[in-house]
Number of protein chains: 2
Amino acid sequence: MRADAVRNRRRLLDAAAAEFAEHGMEVSIARIAARAGIGKGTVFRHFATKEQLMAAILSDQLDALVARGEELVESAGPGEAVLDFMAAGVRLRSFCVALTAEMREELQVRAASERLAAVAESLTARARRAGAVRGDVTGHDVLLLINAVVQAVAPLGDAAPELWRRYLGLVFDGLRPEAAHPLPVPAPRSLAPD
Amino acid sequence: MRADAVRNRRRLLDAAAAEFAEHGMEVSIARIAARAGIGKGTVFRHFATKEQLMAAILSDQLDALVARGEELVESAGPGEAVLDFMAAGVRLRSFCVALTAEMREELQVRAASERLAAVAESLTARARRAGAVRGDVTGHDVLLLINAVVQAVAPLGDAAPELWRRYLGLVFDGLRPEAAHPLPVPAPRSLAPD
DNA sequence: ACCTGAACACCGTTCAAGT
DNA sequence: ACCTGAACACCGTTCAAGT
């Protein structure tokens, strides 16, 4: 790879990450290219499609959550570990974008999702064994509920930046053994729609 | 209003409702106009913008949920009433579209949302008094949690059509008094982002 | 009054022409 | 090799011309 190509790729990724964080994933390629100081055409030389550009950024962030999860597997409280993991997932809002149907078809995102599913299951299994969460809850449940909490507060937007803590608390209370009532449907065996 | 205008409006609303239900809200106006058998321009004569067209359909559906809620206020079990209300909300998936920031600016949707908030609070207050849900839960919480459940299963799409029942069960268990732990943030006083 | 399709501005994506 | 901006197909929206 030529030197200018390496530099442009770096600039592109940085600009795209910043724009996605500031304005969501509907920012135009033109804006990103301008911020990166490159031509629109160059964007498509590095990433065949806008979604693949997003996937590159997203899978990095998902792996950051995987790393956090792996730390927590060795932490003291099994129940608190699950709660902390969920909180980290909610804070990293880009998470829910990854769970979108189209996005998961990008191979990078798919791989990151599988690593995420593995660590989520480790954390949840440990908490189940410790009696910190009910016996019928799985790692997939935990991931989908992170998504649920993110979306619960989405309508309020930036008007209530800490509100997610309320719904994380509420949802987590539903995971505790004390209030457990039988669930009508089993947990999904995979997060992929196929 | 002229006779053909009345007829075209009816056809437009029917076609749009069908297309939105089948293909989500990203269907093109061209498609809707074709299905309705009218020109694209005619769509914008009836509704100034695509969002206003959606708002017309949406507010009707929200009012259907309001009606269901009003029935349930007089039903036997206060706890079951809240659960049934939430289930009705989840089934009517268009609900979460309404909670989107841009959509709520449409006046019709805003009005329907307020009616919805009122009936949700009636149901929740009754369940609180009966001890069927914890004391710190409000009608706004219930509405946001409907949204959460809808979005929790969204990633799986049509692959698991009954999965929402699992997460509604899990979330509702979090509303029960048995597992209640103090929540770190108070409930929102309004669903509007202002 | 109302309908219509051509026209406009904007998007993601492609590609011929440059270095 | 890689970069670039003009060009393309598609969108939501506007509007002059029709009835």
# chains A, B, ... in the order shown; residues from 1 in each chain; ligands from 1

call {"tool": "select_by_dssp", "arguments": {"residues": "region 40-151 of chain B", "states": "helix (DSSP H, G or I)", "output": "ChimeraX atom specification"}}
result
/B:40-46,50-73,78-91,94-98,103-105,107-129,139-151

call {"tool": "interface_residues", "arguments": {"of": "chain C", "to": "chain A", "cutoff": "9 Å", "atoms": "only C-alpha atoms (C1' of nucleotides)", "output": "mmCIF file with N, CA, C and O atoms (P, O5', C5', C4', C3', O3' and C1' of nucleotides), in the first residue's frame"}}
result
data_model
loop_
_atom_site.group_PDB
_atom_site.id
_atom_site.type_symbol
_atom_site.label_atom_id
_atom_site.label_comp_id
_atom_site.auth_asym_id
_atom_site.auth_seq_id
_atom_site.Cartn_x
_atom_site.Cartn_y
_atom_site.Cartn_z
ATOM 1 P P DC C 11 -26.785 15.461 0.858
ATOM 2 O "O5'" DC C 11 -26.645 13.974 0.293
ATOM 3 C "C5'" DC C 11 -27.159 12.949 1.123
ATOM 4 C "C4'" DC C 11 -27.577 11.774 0.275
ATOM 5 C "C3'" DC C 11 -26.446 10.827 -0.045
ATOM 6 O "O3'" DC C 11 -26.249 9.957 1.054
ATOM 7 C "C1'" DC C 11 -27.880 11.135 -1.929
ATOM 8 P P DG C 12 -24.759 9.428 1.391
ATOM 9 O "O5'" DG C 12 -24.681 8.144 0.437
ATOM 10 C "C5'" DG C 12 -25.589 7.086 0.653
ATOM 11 C "C4'" DG C 12 -25.499 6.109 -0.492
ATOM 12 C "C3'" DG C 12 -24.134 5.430 -0.630
ATOM 13 O "O3'" DG C 12 -24.325 4.075 -0.991
ATOM 14 C "C1'" DG C 12 -24.619 6.648 -2.608
ATOM 15 P P DT C 13 -23.096 3.059 -1.092
ATOM 16 O "O5'" DT C 13 -22.675 3.208 -2.620
ATOM 17 C "C5'" DT C 13 -23.609 2.846 -3.622
ATOM 18 C "C4'" DT C 13 -23.030 3.088 -4.996
ATOM 19 C "C3'" DT C 13 -21.606 2.548 -5.207
ATOM 20 O "O3'" DT C 13 -21.652 1.591 -6.257
ATOM 21 C "C1'" DT C 13 -21.860 4.723 -6.102
ATOM 22 P P DT C 14 -20.364 0.910 -6.845
ATOM 23 O "O5'" DT C 14 -20.114 1.791 -8.156
ATOM 24 C "C5'" DT C 14 -21.160 1.904 -9.111
ATOM 25 C "C4'" DT C 14 -20.642 2.606 -10.369
ATOM 26 C "C3'" DT C 14 -19.336 2.028 -10.940
ATOM 27 O "O3'" DT C 14 -19.493 1.940 -12.347
ATOM 28 C "C1'" DT C 14 -19.085 4.346 -10.556
#

call {"tool": "interface_residues", "arguments": {"of": "chain A", "to": "chain B", "cutoff": "7 Å", "atoms": "only C-alpha atoms", "output": "PDB file with N, CA, C and O atoms, in the first residue's frame"}}
result
ATOM      1  N   LEU A  99     -26.545  -4.595  15.765  1.00  0.00           N
ATOM      2  CA  LEU A  99     -27.562  -5.644  15.818  1.00  0.00           C
ATOM      3  C   LEU A  99     -28.582  -5.500  14.712  1.00  0.00           C
ATOM      4  O   LEU A  99     -29.495  -6.295  14.583  1.00  0.00           O
ATOM      5  N   THR A 100     -28.443  -4.462  13.929  1.00  0.00           N
ATOM      6  CA  THR A 100     -29.356  -4.258  12.804  1.00  0.00           C
ATOM      7  C   THR A 100     -29.121  -5.335  11.756  1.00  0.00           C
ATOM      8  O   THR A 100     -28.003  -5.808  11.560  1.00  0.00           O
ATOM      9  N   ALA A 101     -30.166  -5.722  11.081  1.00  0.00           N
ATOM     10  CA  ALA A 101     -30.093  -6.879  10.195  1.00  0.00           C
ATOM     11  C   ALA A 101     -29.036  -6.724   9.096  1.00  0.00           C
ATOM     12  O   ALA A 101     -28.214  -7.611   8.892  1.00  0.00           O
ATOM     13  N   LEU A 144     -29.477  -8.819  23.937  1.00  0.00           N
ATOM     14  CA  LEU A 144     -30.696  -8.207  23.402  1.00  0.00           C
ATOM     15  C   LEU A 144     -31.256  -7.176  24.375  1.00  0.00           C
ATOM     16  O   LEU A 144     -31.830  -6.172  23.952  1.00  0.00           O
ATOM     17  N   LEU A 145     -31.067  -7.405  25.660  1.00  0.00           N
ATOM     18  CA  LEU A 145     -31.597  -6.448  26.641  1.00  0.00           C
ATOM     19  C   LEU A 145     -30.746  -5.186  26.704  1.00  0.00           C
ATOM     20  O   LEU A 145     -31.250  -4.112  27.019  1.00  0.00           O
ATOM     21  N   ASN A 147     -29.519  -3.879  24.048  1.00  0.00           N
ATOM     22  CA  ASN A 147     -30.160  -3.209  22.925  1.00  0.00           C
ATOM     23  C   ASN A 147     -31.486  -2.571  23.351  1.00  0.00           C
ATOM     24  O   ASN A 147     -31.780  -1.421  23.026  1.00  0.00           O
ATOM     25  N   ALA A 148     -32.269  -3.316  24.114  1.00  0.00           N
ATOM     26  CA  ALA A 148     -33.565  -2.818  24.567  1.00  0.00           C
ATOM     27  C   ALA A 148     -33.410  -1.546  25.385  1.00  0.00           C
ATOM     28  O   ALA A 148     -34.140  -0.571  25.191  1.00  0.00           O
ATOM     29  N   VAL A 149     -32.439  -1.530  26.283  1.00  0.00           N
ATOM     30  CA  VAL A 149     -32.252  -0.358  27.140  1.00  0.00           C
ATOM     31  C   VAL A 149     -31.816   0.849  26.310  1.00  0.00           C
ATOM     32  O   VAL A 149     -32.317   1.962  26.493  1.00  0.00           O
ATOM     33  N   GLN A 151     -32.527   1.474  23.283  1.00  0.00           N
ATOM     34  CA  GLN A 151     -33.656   1.963  22.502  1.00  0.00           C
ATOM     35  C   GLN A 151     -34.767   2.521  23.371  1.00  0.00           C
ATOM     36  O   GLN A 151     -35.540   3.360  22.924  1.00  0.00           O
ATOM     37  N   ALA A 152     -34.852   2.046  24.604  1.00  0.00           N
ATOM     38  CA  ALA A 152     -35.900   2.556  25.488  1.00  0.00           C
ATOM     39  C   ALA A 152     -35.773   4.058  25.657  1.00  0.00           C
ATOM     40  O   ALA A 152     -36.760   4.777  25.636  1.00  0.00           O
ATOM     41  N   VAL A 153     -34.546   4.517  25.812  1.00  0.00           N
ATOM     42  CA  VAL A 153     -34.340   5.940  26.078  1.00  0.00           C
ATOM     43  C   VAL A 153     -34.105   6.746  24.809  1.00  0.00           C
ATOM     44  O   VAL A 153     -34.069   7.975  24.857  1.00  0.00           O
ATOM     45  N   PRO A 155     -35.996   7.708  22.370  1.00  0.00           N
ATOM     46  CA  PRO A 155     -36.946   8.787  22.068  1.00  0.00           C
ATOM     47  C   PRO A 155     -36.647  10.087  22.795  1.00  0.00           C
ATOM     48  O   PRO A 155     -36.908  11.158  22.282  1.00  0.00           O
ATOM     49  N   LEU A 156     -36.113   9.994  23.992  1.00  0.00           N
ATOM     50  CA  LEU A 156     -35.827  11.207  24.764  1.00  0.00           C
ATOM     51  C   LEU A 156     -34.569  11.911  24.288  1.00  0.00           C
ATOM     52  O   LEU A 156     -34.343  13.074  24.596  1.00  0.00           O
ATOM     53  N   GLY A 157     -33.734  11.191  23.565  1.00  0.00           N
ATOM     54  CA  GLY A 157     -32.518  11.784  23.021  1.00  0.00           C
ATOM     55  C   GLY A 157     -31.602  12.320  24.099  1.00  0.00           C
ATOM     56  O   GLY A 157     -31.447  11.714  25.156  1.00  0.00           O
ATOM     57  N   ALA A 159     -32.066  14.806  25.863  1.00  0.00           N
ATOM     58  CA  ALA A 159     -32.785  15.562  26.888  1.00  0.00           C
ATOM     59  C   ALA A 159     -32.595  14.949  28.273  1.00  0.00           C
ATOM     60  O   ALA A 159     -32.659  15.647  29.281  1.00  0.00           O
ATOM     61  N   LEU A 163     -30.888   8.858  31.827  1.00  0.00           N
ATOM     62  CA  LEU A 163     -32.112   8.065  32.008  1.00  0.00           C
ATOM     63  C   LEU A 163     -31.898   6.578  31.771  1.00  0.00           C
ATOM     64  O   LEU A 163     -32.586   5.737  32.341  1.00  0.00           O
ATOM     65  N   ARG A 165     -29.832   4.721  32.943  1.00  0.00           N
ATOM     66  CA  ARG A 165     -29.538   4.015  34.192  1.00  0.00           C
ATOM     67  C   ARG A 165     -30.815   3.508  34.852  1.00  0.00           C
ATOM     68  O   ARG A 165     -30.825   2.452  35.485  1.00  0.00           O
ATOM     69  N   ARG A 166     -31.880   4.283  34.696  1.00  0.00           N
ATOM     70  CA  ARG A 166     -33.167   3.859  35.252  1.00  0.00           C
ATOM     71  C   ARG A 166     -33.635   2.561  34.613  1.00  0.00           C
ATOM     72  O   ARG A 166     -34.001   1.609  35.285  1.00  0.00           O
ATOM     73  N   GLY A 169     -31.569  -0.429  35.381  1.00  0.00           N
ATOM     74  CA  GLY A 169     -31.919  -0.929  36.710  1.00  0.00           C
ATOM     75  C   GLY A 169     -33.198  -1.745  36.685  1.00  0.00           C
ATOM     76  O   GLY A 169     -33.277  -2.846  37.250  1.00  0.00           O
ATOM     77  N   LEU A 170     -34.185  -1.215  35.987  1.00  0.00           N
ATOM     78  CA  LEU A 170     -35.483  -1.884  35.896  1.00  0.00           C
ATOM     79  C   LEU A 170     -35.347  -3.234  35.195  1.00  0.00           C
ATOM     80  O   LEU A 170     -35.862  -4.259  35.651  1.00  0.00           O
ATOM     81  N   VAL A 171     -34.632  -3.235  34.088  1.00  0.00           N
ATOM     82  CA  VAL A 171     -34.446  -4.469  33.327  1.00  0.00           C
ATOM     83  C   VAL A 171     -33.632  -5.479  34.141  1.00  0.00           C
ATOM     84  O   VAL A 171     -33.951  -6.669  34.170  1.00  0.00           O
ATOM     85  N   PHE A 172     -32.630  -4.978  34.827  1.00  0.00           N
ATOM     86  CA  PHE A 172     -31.797  -5.900  35.604  1.00  0.00           C
ATOM     87  C   PHE A 172     -32.584  -6.511  36.761  1.00  0.00           C
ATOM     88  O   PHE A 172     -32.383  -7.681  37.109  1.00  0.00           O
ATOM     89  N   ASP A 173     -33.491  -5.746  37.342  1.00  0.00           N
ATOM     90  CA  ASP A 173     -34.346  -6.319  38.385  1.00  0.00           C
ATOM     91  C   ASP A 173     -35.178  -7.468  37.834  1.00  0.00           C
ATOM     92  O   ASP A 173     -35.516  -8.401  38.567  1.00  0.00           O
ATOM     93  N   GLY A 174     -35.489  -7.401  36.545  1.00  0.00           N
ATOM     94  CA  GLY A 174     -36.222  -8.501  35.907  1.00  0.00           C
ATOM     95  C   GLY A 174     -35.360  -9.739  35.723  1.00  0.00           C
ATOM     96  O   GLY A 174     -35.885 -10.833  35.509  1.00  0.00           O
ATOM     97  N   LEU A 175     -34.057  -9.558  35.781  1.00  0.00           N
ATOM     98  CA  LEU A 175     -33.144 -10.706  35.643  1.00  0.00           C
ATOM     99  C   LEU A 175     -32.878 -11.393  36.984  1.00  0.00           C
ATOM    100  O   LEU A 175     -32.342 -12.492  37.030  1.00  0.00           O
ATOM    101  N   ARG A 176     -33.239 -10.731  38.064  1.00  0.00           N
ATOM    102  CA  ARG A 176     -32.974 -11.303  39.398  1.00  0.00           C
ATOM    103  C   ARG A 176     -33.897 -12.488  39.653  1.00  0.00           C
ATOM    104  O   ARG A 176     -35.030 -12.527  39.172  1.00  0.00           O
ATOM    105  N   GLU A 178     -35.504 -13.248  42.324  1.00  0.00           N
ATOM    106  CA  GLU A 178     -36.619 -13.007  43.240  1.00  0.00           C
ATOM    107  C   GLU A 178     -37.982 -12.867  42.555  1.00  0.00           C
ATOM    108  O   GLU A 178     -38.991 -13.347  43.056  1.00  0.00           O
ATOM    109  N   ALA A 179     -37.999 -12.166  41.433  1.00  0.00           N
ATOM    110  CA  ALA A 179     -39.290 -11.889  40.791  1.00  0.00           C
ATOM    111  C   ALA A 179     -39.565 -12.834  39.639  1.00  0.00           C
ATOM    112  O   ALA A 179     -40.553 -12.670  38.924  1.00  0.00           O
ATOM    113  N   ALA A 180     -38.710 -13.830  39.456  1.00  0.00           N
ATOM    114  CA  ALA A 180     -38.801 -14.663  38.247  1.00  0.00           C
ATOM    115  C   ALA A 180     -40.136 -15.390  38.127  1.00  0.00           C
ATOM    116  O   ALA A 180     -40.551 -16.104  39.038  1.00  0.00           O
ATOM    117  N   HIS A 181     -40.786 -15.173  37.008  1.00  0.00           N
ATOM    118  CA  HIS A 181     -41.970 -15.944  36.621  1.00  0.00           C
ATOM    119  C   HIS A 181     -41.589 -16.698  35.358  1.00  0.00           C
ATOM    120  O   HIS A 181     -40.754 -16.232  34.594  1.00  0.00           O
ATOM    121  N   LEU A 183     -41.060 -17.955  31.705  1.00  0.00           N
ATOM    122  CA  LEU A 183     -41.121 -17.214  30.453  1.00  0.00           C
ATOM    123  C   LEU A 183     -41.790 -18.076  29.389  1.00  0.00           C
ATOM    124  O   LEU A 183     -41.539 -19.284  29.314  1.00  0.00           O
ATOM    125  N   PRO A 184     -42.626 -17.460  28.559  1.00  0.00           N
ATOM    126  CA  PRO A 184     -43.439 -18.220  27.608  1.00  0.00           C
ATOM    127  C   PRO A 184     -42.668 -18.738  26.397  1.00  0.00           C
ATOM    128  O   PRO A 184     -43.171 -19.600  25.682  1.00  0.00           O
ATOM    129  N   VAL A 185     -41.480 -18.207  26.140  1.00  0.00           N
ATOM    130  CA  VAL A 185     -40.736 -18.535  24.920  1.00  0.00           C
ATOM    131  C   VAL A 185     -39.277 -18.766  25.308  1.00  0.00           C
ATOM    132  O   VAL A 185     -38.740 -18.019  26.130  1.00  0.00           O
ATOM    133  N   LEU A 191     -28.006 -14.989  17.487  1.00  0.00           N
ATOM    134  CA  LEU A 191     -28.515 -13.639  17.256  1.00  0.00           C
ATOM    135  C   LEU A 191     -28.685 -13.348  15.773  1.00  0.00           C
ATOM    136  O   LEU A 191     -29.221 -12.318  15.393  1.00  0.00           O
ATOM    137  N   ALA A 192     -28.213 -14.251  14.937  1.00  0.00           N
ATOM    138  CA  ALA A 192     -28.368 -14.061  13.495  1.00  0.00           C
ATOM    139  C   ALA A 192     -29.797 -14.416  13.099  1.00  0.00           C
ATOM    140  O   ALA A 192     -30.403 -15.316  13.669  1.00  0.00           O
ATOM    141  N   PRO A 193     -30.343 -13.697  12.134  1.00  0.00           N
ATOM    142  CA  PRO A 193     -31.754 -13.887  11.766  1.00  0.00           C
ATOM    143  C   PRO A 193     -31.998 -15.141  10.927  1.00  0.00           C
ATOM    144  O   PRO A 193     -33.084 -15.345  10.454  1.00  0.00           O
ATOM    145  N   ASP A 194     -30.997 -15.987  10.735  1.00  0.00           N
ATOM    146  CA  ASP A 194     -31.250 -17.133   9.857  1.00  0.00           C
ATOM    147  C   ASP A 194     -31.522 -18.441  10.618  1.00  0.00           C
ATOM    148  O   ASP A 194     -31.489 -18.564  11.773  1.00  0.00           O
TER     149      ASP A 194
END

call {"tool": "atom_distance", "arguments": {"atom1": "CA of Arg93 (chain B)", "atom2": "CA of Glu114 (chain B)"}}
result
18.2 Å

call {"tool": "residues_around", "arguments": {"residues": "Asp4 (chain B)", "least_positions_apart": "5", "cutoff": "10 Å", "atoms": "only C-alpha atoms (C1' of nucleotides)", "output": "VMD selection string"}}
result
(chain B and resid 9 to 10) or (chain C and resid 2 to 3)

call {"tool": "atom_distance", "arguments": {"atom1": "CA of Gly79 (chain B)", "atom2": "CA of Asp136 (chain A)"}}
result
22.6 Å

call {"tool": "residues_around", "arguments": {"residues": "Val119 (chain A)", "least_positions_apart": "4", "cutoff": "8 Å", "atoms": "only C-alpha atoms (C1' of nucleotides)", "output": "ChimeraX atom specification"}}
result
/A:66,69-70,73,115,123,139

call {"tool": "decode", "arguments": {"residues": "region 116-136 of chain A", "atoms": "N, CA, C and O atoms", "output": "CSV table (one decimal), in the first residue's frame"}}
result
chain,number,residue,atom,x,y,z
A,116,LEU,N,-18.6,-11.4,21.1
A,116,LEU,CA,-19.4,-10.8,22.1
A,116,LEU,C,-20.4,-11.8,22.7
A,116,LEU,O,-20.6,-11.8,23.9
A,117,ALA,N,-21.0,-12.6,21.8
A,117,ALA,CA,-21.9,-13.6,22.4
A,117,ALA,C,-21.2,-14.6,23.3
A,117,ALA,O,-21.7,-15.0,24.4
A,118,ALA,N,-19.9,-14.9,23.0
A,118,ALA,CA,-19.2,-15.8,23.8
A,118,ALA,C,-18.9,-15.3,25.2
A,118,ALA,O,-19.2,-15.9,26.2
A,119,VAL,N,-18.5,-14.0,25.2
A,119,VAL,CA,-18.1,-13.4,26.5
A,119,VAL,C,-19.4,-13.1,27.3
A,119,VAL,O,-19.4,-13.3,28.6
A,120,ALA,N,-20.5,-12.8,26.6
A,120,ALA,CA,-21.8,-12.5,27.3
A,120,ALA,C,-22.2,-13.8,28.0
A,120,ALA,O,-22.7,-13.8,29.1
A,121,GLU,N,-22.1,-14.9,27.3
A,121,GLU,CA,-22.5,-16.2,27.9
A,121,GLU,C,-21.6,-16.6,29.1
A,121,GLU,O,-22.1,-17.1,30.1
A,122,SER,N,-20.3,-16.3,29.0
A,122,SER,CA,-19.5,-16.6,30.1
A,122,SER,C,-19.9,-15.8,31.4
A,122,SER,O,-20.1,-16.4,32.5
A,123,LEU,N,-20.2,-14.6,31.2
A,123,LEU,CA,-20.6,-13.7,32.3
A,123,LEU,C,-21.9,-14.2,32.9
A,123,LEU,O,-22.1,-14.3,34.1
A,124,THR,N,-22.8,-14.5,32.0
A,124,THR,CA,-24.2,-14.9,32.4
A,124,THR,C,-24.2,-16.2,33.1
A,124,THR,O,-24.8,-16.4,34.1
A,125,ALA,N,-23.4,-17.2,32.6
A,125,ALA,CA,-23.4,-18.5,33.2
A,125,ALA,C,-22.8,-18.4,34.6
A,125,ALA,O,-23.3,-19.1,35.5
A,126,ARG,N,-21.8,-17.6,34.7
A,126,ARG,CA,-21.2,-17.5,36.1
A,126,ARG,C,-22.2,-16.9,37.0
A,126,ARG,O,-22.3,-17.3,38.2
A,127,ALA,N,-22.9,-15.9,36.6
A,127,ALA,CA,-23.9,-15.2,37.5
A,127,ALA,C,-25.1,-16.2,37.8
A,127,ALA,O,-25.6,-16.2,38.9
A,128,ARG,N,-25.4,-17.0,36.8
A,128,ARG,CA,-26.5,-18.0,37.0
A,128,ARG,C,-26.0,-19.0,38.1
A,128,ARG,O,-26.8,-19.3,39.1
A,129,ARG,N,-24.8,-19.5,38.0
A,129,ARG,CA,-24.3,-20.4,39.0
A,129,ARG,C,-24.2,-19.8,40.4
A,129,ARG,O,-24.5,-20.5,41.4
A,130,ALA,N,-23.9,-18.5,40.4
A,130,ALA,CA,-23.9,-17.9,41.7
A,130,ALA,C,-25.2,-17.5,42.3
A,130,ALA,O,-25.4,-17.0,43.4
A,131,GLY,N,-26.3,-17.7,41.5
A,131,GLY,CA,-27.6,-17.3,41.9
A,131,GLY,C,-27.9,-15.9,41.8
A,131,GLY,O,-28.9,-15.4,42.4
A,132,ALA,N,-27.0,-15.1,41.1
A,132,ALA,CA,-27.2,-13.7,41.0
A,132,ALA,C,-28.2,-13.3,39.9
A,132,ALA,O,-28.8,-12.2,40.0
A,133,VAL,N,-28.4,-14.1,38.9
A,133,VAL,CA,-29.5,-14.0,38.0
A,133,VAL,C,-30.3,-15.3,37.9
A,133,VAL,O,-29.8,-16.3,38.2
A,134,ARG,N,-31.5,-15.2,37.4
A,134,ARG,CA,-32.4,-16.3,37.3
A,134,ARG,C,-31.8,-17.4,36.4
A,134,ARG,O,-31.0,-17.1,35.5
A,135,GLY,N,-32.2,-18.6,36.5
A,135,GLY,CA,-31.6,-19.7,35.8
A,135,GLY,C,-32.0,-19.8,34.4
A,135,GLY,O,-31.3,-20.5,33.6
A,136,ASP,N,-33.0,-19.1,33.9
A,136,ASP,CA,-33.5,-19.2,32.6
A,136,ASP,C,-33.0,-18.1,31.7
A,136,ASP,O,-33.5,-17.9,30.6
